Amino acid sequence: MGKVPRNRPGSQYDEDQLGFGDIFTEHMLQMVYSEEDGGWQTPEITPLQNLVLHPATMVLHYGQQVFEGLKAFAGPDEDDILLFRPDMNIARFTKSCDRLCIPAPDQGLFMEQMSKLIRLERDWIPKQHGTSLYVRPTIIATDTHLGVRPSRKYLFYIILSPVGAYYPEGFEPVRIMVTDKYIRACRGGLGEAKTMANYAASLLAAEEAHCAGFTQVLWLNAVDKLSIEEVGTMNIFFKMNNEIVTPALEGTILPGVTRDSVIHFARELGHPVVERQVSIEEIVKAAENGALQEIFGSGTAAVISPVSHFRYKDHDHMVADGKTGPVARQLFDELTAMQTGRRSDPFGWVVNIGK
Ligand SMILES: *Cc1c(COP(=O)(O)O)cnc(C)c1O
């Protein structure tokens, strides 16, 4: 196996030039589960290394995998390492594992080991506004076996990647394409689990959207192809008639940590928020009669992603004059300020693991 390329903090990259997900820190956490050896083994922090997998490793064939994504931020004090609602990511990881027949690691141990790894790599946390250390916990089925059944061995690992500001040149609205040709998930499926199969299912639609000049796909409900689900890496919000509306969680969309935070925080800031079914017809009508004020997505990577245009059945609709709306901007500014300890945190969401 070849050596893993390393980049040392500060020396090999410029914080201005950081992209997303290409640079990794020096260490990783690994913890093995083996039914034969009585379950979870002792966690280990090791140098970042390639995984050596037999070609029949089950995850490569049957997709038994779960992952998470969260960010660690530098805070105002030198020692601060701030995580945003890590308990929600860990709880979601457990739920996703249950759906995939994967034994989840103990939640307290997960938090403790993840914090230990991040503290060890603290010099890798970029400092510039908008940058962070992205944390990717993952679990994969590692039994060597052809034949469909749950694996009896797993590898849980965490890797860390310093990432750049999502909007280095300021808030840029995106164009989304509503698809009624493909579906992402249906009730009873994997839609609410954070697992790789959902992304595999989304690629072709995303490619077609890119070719047509759109950034993302907006998914509709698999059954009626009318009610709106999510954007595939983001949950979605609509501001109409001075009310913020987002699709309710009914088993097919990913329950985003950012989504939940937007709902609570927007209410705190005085905006009414409703979780309910929203149909694409309703949004088209609202766009046509002027009731639609803003559309924005929510997710850990971008936090808030304003939408300037959407296409549905070959018709293009412009939102908020093609610009970033005031609510999207306010939520982005306030949430990122909270995540980096530059604003009060009325919900106690920010956890400082640095000290
Ligand atoms: C991770 C993810 C999101 C966003 O969730 P956050 O917890 O806010 O980052 C939305 N949709 C899908 C499909 C996802 O995998």
# chains A, B, ... in the order shown; residues from 1 in each chain; ligands from 1
$ residues_near_ligand --ligand "ligand 1" --cutoff "6 Å" --atoms "only C-alpha atoms and all ligand atoms" --output "list in words"
Lys194, Gly232, Thr233, Met234, Asn235, Leu254, Gly256, Val257, Thr258, Arg259, Ser298, Gly299 and Thr300 of chain A
$ residues_around --residues "Gly213 of chain A" --least-positions-apart "3" --cutoff "10 Å" --atoms "only C-alpha atoms" --output "ChimeraX atom specification"
/A:175-177,207-210,216
$ atom_distance --atom1 "atom CA of Ile102 of chain A" --atom2 "atom CA of Arg187 of chain A"
20.2 Å
$ select_by_dssp --residues "segment 170-236 of chain A" --states "strand (DSSP E or B)" --output "NGL selection string"
:A and (174-179 or 216-220 or 227-228 or 235-236)
$ closest_atom_pairs --of "segment 169-250 of chain A" --to "segment 54-71 of chain A" --cutoff "10 Å" --atoms "only C-alpha atoms" --output "tab-separated table"
residue	atom	partner	partner_atom	distance
A:Ala193	CA	A:Val66	CA	7.7
A:Lys194	CA	A:Val66	CA	5.8
A:Thr195	CA	A:Val66	CA	4.5
A:Met196	CA	A:Gln65	CA	6.6
A:Ala197	CA	A:Gly63	CA	6.7
$ residues_around --residues "Leu335 of chain A" --least-positions-apart "5" --cutoff "10 Å" --atoms "only C-alpha atoms" --output "ChimeraX atom specification"
/A:84,258,261-262,265-266,303-304,329-330,340-343,345
$ write_last_selection --atoms "N, CA and C atoms" --output "short mmCIF file (atom, residue, chain, number, x, y, z; two decimals), in the first residue's frame"
data_model
loop_
_atom_site.label_atom_id
_atom_site.label_comp_id
_atom_site.auth_asym_id
_atom_site.auth_seq_id
_atom_site.Cartn_x
_atom_site.Cartn_y
_atom_site.Cartn_z
N PHE A 84 -20.64 22.25 17.37
CA PHE A 84 -22.02 22.71 17.33
C PHE A 84 -22.97 21.51 17.42
N THR A 258 -28.70 21.32 11.10
CA THR A 258 -28.86 22.73 10.72
C THR A 258 -30.34 23.05 10.54
N SER A 261 -31.79 23.57 13.84
CA SER A 261 -31.26 24.81 14.42
C SER A 261 -31.93 26.03 13.78
N VAL A 262 -32.14 25.96 12.47
CA VAL A 262 -32.82 27.07 11.77
C VAL A 262 -34.24 27.24 12.32
N PHE A 265 -33.98 28.70 15.88
CA PHE A 265 -33.33 30.01 15.91
C PHE A 265 -34.17 31.06 15.20
N ALA A 266 -34.79 30.68 14.08
CA ALA A 266 -35.63 31.63 13.35
C ALA A 266 -36.79 32.07 14.25
N VAL A 303 -24.00 25.89 5.76
CA VAL A 303 -24.87 26.43 6.82
C VAL A 303 -26.20 26.88 6.19
N ILE A 304 -26.16 27.98 5.43
CA ILE A 304 -27.36 28.45 4.71
C ILE A 304 -26.96 28.67 3.26
N ARG A 329 -29.69 35.68 4.92
CA ARG A 329 -28.48 36.37 5.37
C ARG A 329 -28.43 36.46 6.89
N GLN A 330 -29.54 36.83 7.48
CA GLN A 330 -29.59 36.95 8.94
C GLN A 330 -29.28 35.61 9.62
N THR A 340 -19.02 30.06 16.18
CA THR A 340 -17.64 30.45 16.43
C THR A 340 -17.49 31.26 17.73
N GLY A 341 -18.53 31.24 18.55
CA GLY A 341 -18.45 31.87 19.86
C GLY A 341 -18.44 33.39 19.83
N ARG A 342 -18.91 33.99 18.72
CA ARG A 342 -18.92 35.45 18.62
C ARG A 342 -20.29 36.03 18.91
N ARG A 343 -21.20 35.19 19.36
CA ARG A 343 -22.55 35.64 19.65
C ARG A 343 -23.08 34.78 20.79
N ASP A 345 -25.39 32.31 22.97
CA ASP A 345 -25.90 31.00 22.56
C ASP A 345 -27.07 30.65 23.48
#
$ residues_around --residues "segment 158-160 of chain A" --least-positions-apart "2" --cutoff "8 Å" --atoms "only C-alpha atoms" --output "CSV table (one decimal) with all heavy atoms, in the first residue's frame"
chain,number,residue,atom,x,y,z
A,24,PHE,N,-6.2,16.2,4.8
A,24,PHE,CA,-6.6,15.5,6.0
A,24,PHE,C,-5.5,15.7,7.0
A,24,PHE,O,-4.3,15.9,6.7
A,24,PHE,CB,-6.8,14.0,5.6
A,24,PHE,CG,-7.9,13.9,4.7
A,24,PHE,CD1,-7.7,13.8,3.3
A,24,PHE,CD2,-9.3,13.9,5.2
A,24,PHE,CE1,-8.8,13.7,2.4
A,24,PHE,CE2,-10.3,13.8,4.3
A,24,PHE,CZ,-10.1,13.7,2.9
A,25,THR,N,-5.9,15.6,8.3
A,25,THR,CA,-4.9,15.8,9.4
A,25,THR,C,-4.1,14.5,9.5
A,25,THR,O,-4.3,13.5,8.9
A,25,THR,CB,-5.6,16.1,10.7
A,25,THR,OG1,-6.2,15.0,11.2
A,25,THR,CG2,-6.5,17.3,10.5
A,27,HIS,N,-3.7,12.3,12.0
A,27,HIS,CA,-4.2,11.1,12.8
A,27,HIS,C,-5.6,10.8,12.5
A,27,HIS,O,-6.4,11.6,12.0
A,27,HIS,CB,-4.0,11.4,14.3
A,27,HIS,CG,-2.6,11.5,14.7
A,27,HIS,ND1,-1.9,12.7,14.7
A,27,HIS,CD2,-1.7,10.6,15.1
A,27,HIS,CE1,-0.7,12.6,15.1
A,27,HIS,NE2,-0.5,11.2,15.3
A,28,MET,N,-6.0,9.6,12.8
A,28,MET,CA,-7.4,9.2,12.7
A,28,MET,C,-7.7,8.3,14.0
A,28,MET,O,-6.8,7.8,14.6
A,28,MET,CB,-7.6,8.4,11.5
A,28,MET,CG,-6.9,7.0,11.4
A,28,MET,SD,-6.9,6.2,9.8
A,28,MET,CE,-8.7,5.8,9.6
A,29,LEU,N,-9.0,8.2,14.2
A,29,LEU,CA,-9.4,7.3,15.3
A,29,LEU,C,-9.9,6.0,14.6
A,29,LEU,O,-10.6,6.0,13.6
A,29,LEU,CB,-10.6,7.9,16.1
A,29,LEU,CG,-11.1,7.0,17.1
A,29,LEU,CD1,-10.4,7.1,18.4
A,29,LEU,CD2,-12.6,7.2,17.3
A,30,GLN,N,-9.6,4.9,15.2
A,30,GLN,CA,-10.1,3.6,14.7
A,30,GLN,C,-10.6,2.8,15.9
A,30,GLN,O,-10.0,2.7,16.9
A,30,GLN,CB,-9.0,2.8,14.0
A,30,GLN,CG,-8.4,3.5,12.8
A,30,GLN,CD,-7.6,2.6,11.9
A,30,GLN,OE1,-8.1,1.5,11.5
A,30,GLN,NE2,-6.4,2.9,11.6
A,48,LEU,N,-2.9,8.7,10.2
A,48,LEU,CA,-3.8,8.5,9.1
A,48,LEU,C,-3.2,7.5,8.2
A,48,LEU,O,-2.0,7.6,7.8
A,48,LEU,CB,-4.0,9.9,8.4
A,48,LEU,CG,-4.9,9.9,7.2
A,48,LEU,CD1,-6.4,9.7,7.7
A,48,LEU,CD2,-4.7,11.1,6.4
A,114,MET,N,-13.9,11.2,19.9
A,114,MET,CA,-13.9,12.3,18.9
A,114,MET,C,-13.2,13.5,19.4
A,114,MET,O,-12.4,14.2,18.8
A,114,MET,CB,-15.3,12.6,18.4
A,114,MET,CG,-15.5,13.7,17.4
A,114,MET,SD,-17.1,13.7,16.7
A,114,MET,CE,-18.0,14.5,18.1
A,118,ILE,N,-9.7,15.4,18.1
A,118,ILE,CA,-9.8,16.8,17.7
A,118,ILE,C,-8.8,17.6,18.5
A,118,ILE,O,-8.0,18.4,18.0
A,118,ILE,CB,-11.2,17.4,17.8
A,118,ILE,CG1,-12.1,16.7,16.8
A,118,ILE,CG2,-11.2,18.9,17.4
A,118,ILE,CD1,-13.6,17.0,17.0
A,133,LEU,N,-12.6,22.9,11.0
A,133,LEU,CA,-12.1,21.5,10.8
A,133,LEU,C,-13.3,20.6,10.7
A,133,LEU,O,-14.1,20.4,11.6
A,133,LEU,CB,-11.2,21.1,12.1
A,133,LEU,CG,-10.5,19.8,12.0
A,133,LEU,CD1,-9.4,19.8,10.9
A,133,LEU,CD2,-9.9,19.4,13.4
A,134,TYR,N,-13.4,20.0,9.5
A,134,TYR,CA,-14.6,19.1,9.2
A,134,TYR,C,-14.3,17.8,9.8
A,134,TYR,O,-13.2,17.2,9.7
A,134,TYR,CB,-14.8,19.0,7.7
A,134,TYR,CG,-16.0,18.3,7.4
A,134,TYR,CD1,-17.3,18.8,7.5
A,134,TYR,CD2,-15.9,17.0,6.8
A,134,TYR,CE1,-18.4,18.1,7.2
A,134,TYR,CE2,-17.1,16.3,6.5
A,134,TYR,CZ,-18.3,16.8,6.7
A,134,TYR,OH,-19.4,16.1,6.3
A,135,VAL,N,-15.3,17.2,10.5
A,135,VAL,CA,-15.1,15.9,11.2
A,135,VAL,C,-16.0,14.9,10.5
A,135,VAL,O,-17.2,15.1,10.3
A,135,VAL,CB,-15.5,16.1,12.7
A,135,VAL,CG1,-15.3,14.8,13.5
A,135,VAL,CG2,-14.8,17.2,13.4
A,136,ARG,N,-15.4,13.8,10.1
A,136,ARG,CA,-16.2,12.8,9.4
A,136,ARG,C,-16.1,11.4,10.1
A,136,ARG,O,-15.2,10.6,9.8
A,136,ARG,CB,-15.6,12.6,7.9
A,136,ARG,CG,-16.1,11.5,7.1
A,136,ARG,CD,-17.6,11.4,6.9
A,136,ARG,NE,-18.3,12.6,6.3
A,136,ARG,CZ,-18.5,12.7,5.0
A,136,ARG,NH1,-18.1,11.8,4.2
A,136,ARG,NH2,-19.1,13.8,4.6
A,137,PRO,N,-17.0,11.1,11.0
A,137,PRO,CA,-17.1,9.8,11.6
A,137,PRO,C,-17.8,8.9,10.6
A,137,PRO,O,-18.7,9.2,9.9
A,137,PRO,CB,-18.1,10.0,12.8
A,137,PRO,CG,-18.2,11.5,13.0
A,137,PRO,CD,-18.0,12.1,11.6
A,138,THR,N,-17.3,7.6,10.5
A,138,THR,CA,-17.8,6.7,9.5
A,138,THR,C,-17.7,5.3,10.1
A,138,THR,O,-16.9,5.0,10.9
A,138,THR,CB,-16.8,6.7,8.2
A,138,THR,OG1,-16.6,8.0,7.8
A,138,THR,CG2,-17.4,5.9,7.1
A,156,PHE,N,-15.2,1.4,12.8
A,156,PHE,CA,-15.6,2.7,13.1
A,156,PHE,C,-14.4,3.6,13.0
A,156,PHE,O,-13.3,3.3,13.6
A,156,PHE,CB,-16.2,2.8,14.4
A,156,PHE,CG,-16.6,4.2,14.9
A,156,PHE,CD1,-17.5,5.0,14.2
A,156,PHE,CD2,-16.0,4.8,16.0
A,156,PHE,CE1,-17.8,6.3,14.7
A,156,PHE,CE2,-16.3,6.0,16.5
A,156,PHE,CZ,-17.2,6.8,15.8
A,162,PRO,N,-9.3,20.0,7.4
A,162,PRO,CA,-9.5,21.5,7.5
A,162,PRO,C,-10.2,21.9,6.2
A,162,PRO,O,-9.8,21.6,5.1
A,162,PRO,CB,-8.1,22.0,7.6
A,162,PRO,CG,-7.2,20.9,7.2
A,162,PRO,CD,-7.9,19.6,7.3
$ closest_residue --among "A:Leu203, A:Val273, A:Ile81, A:Ile263" --to "Glu121 of chain A" --atoms "only C-alpha atoms"
A:Ile81
$ closest_atom_pairs --of "segment 273-315 of chain A" --to "segment 237-241 of chain A" --cutoff "6 Å" --atoms "only C-alpha atoms" --output "JSON lines"
{"residue": "A:Ala291", "atom": "CA", "partner": "A:Met240", "partner_atom": "CA", "distance": 5.3}
{"residue": "A:Leu292", "atom": "CA", "partner": "A:Met240", "partner_atom": "CA", "distance": 4.5}
{"residue": "A:Gln293", "atom": "CA", "partner": "A:Lys239", "partner_atom": "CA", "distance": 5.3}
{"residue": "A:Glu294", "atom": "CA", "partner": "A:Lys239", "partner_atom": "CA", "distance": 4.9}
{"residue": "A:Ile295", "atom": "CA", "partner": "A:Phe238", "partner_atom": "CA", "distance": 4.6}
{"residue": "A:Phe296", "atom": "CA", "partner": "A:Phe237", "partner_atom": "CA", "distance": 5.3}
$ closest_residue --among "A:Trp349, A:Tyr166, A:Phe214, A:Tyr199" --to "Phe332 of chain A" --atoms "only C-alpha atoms"
A:Tyr166
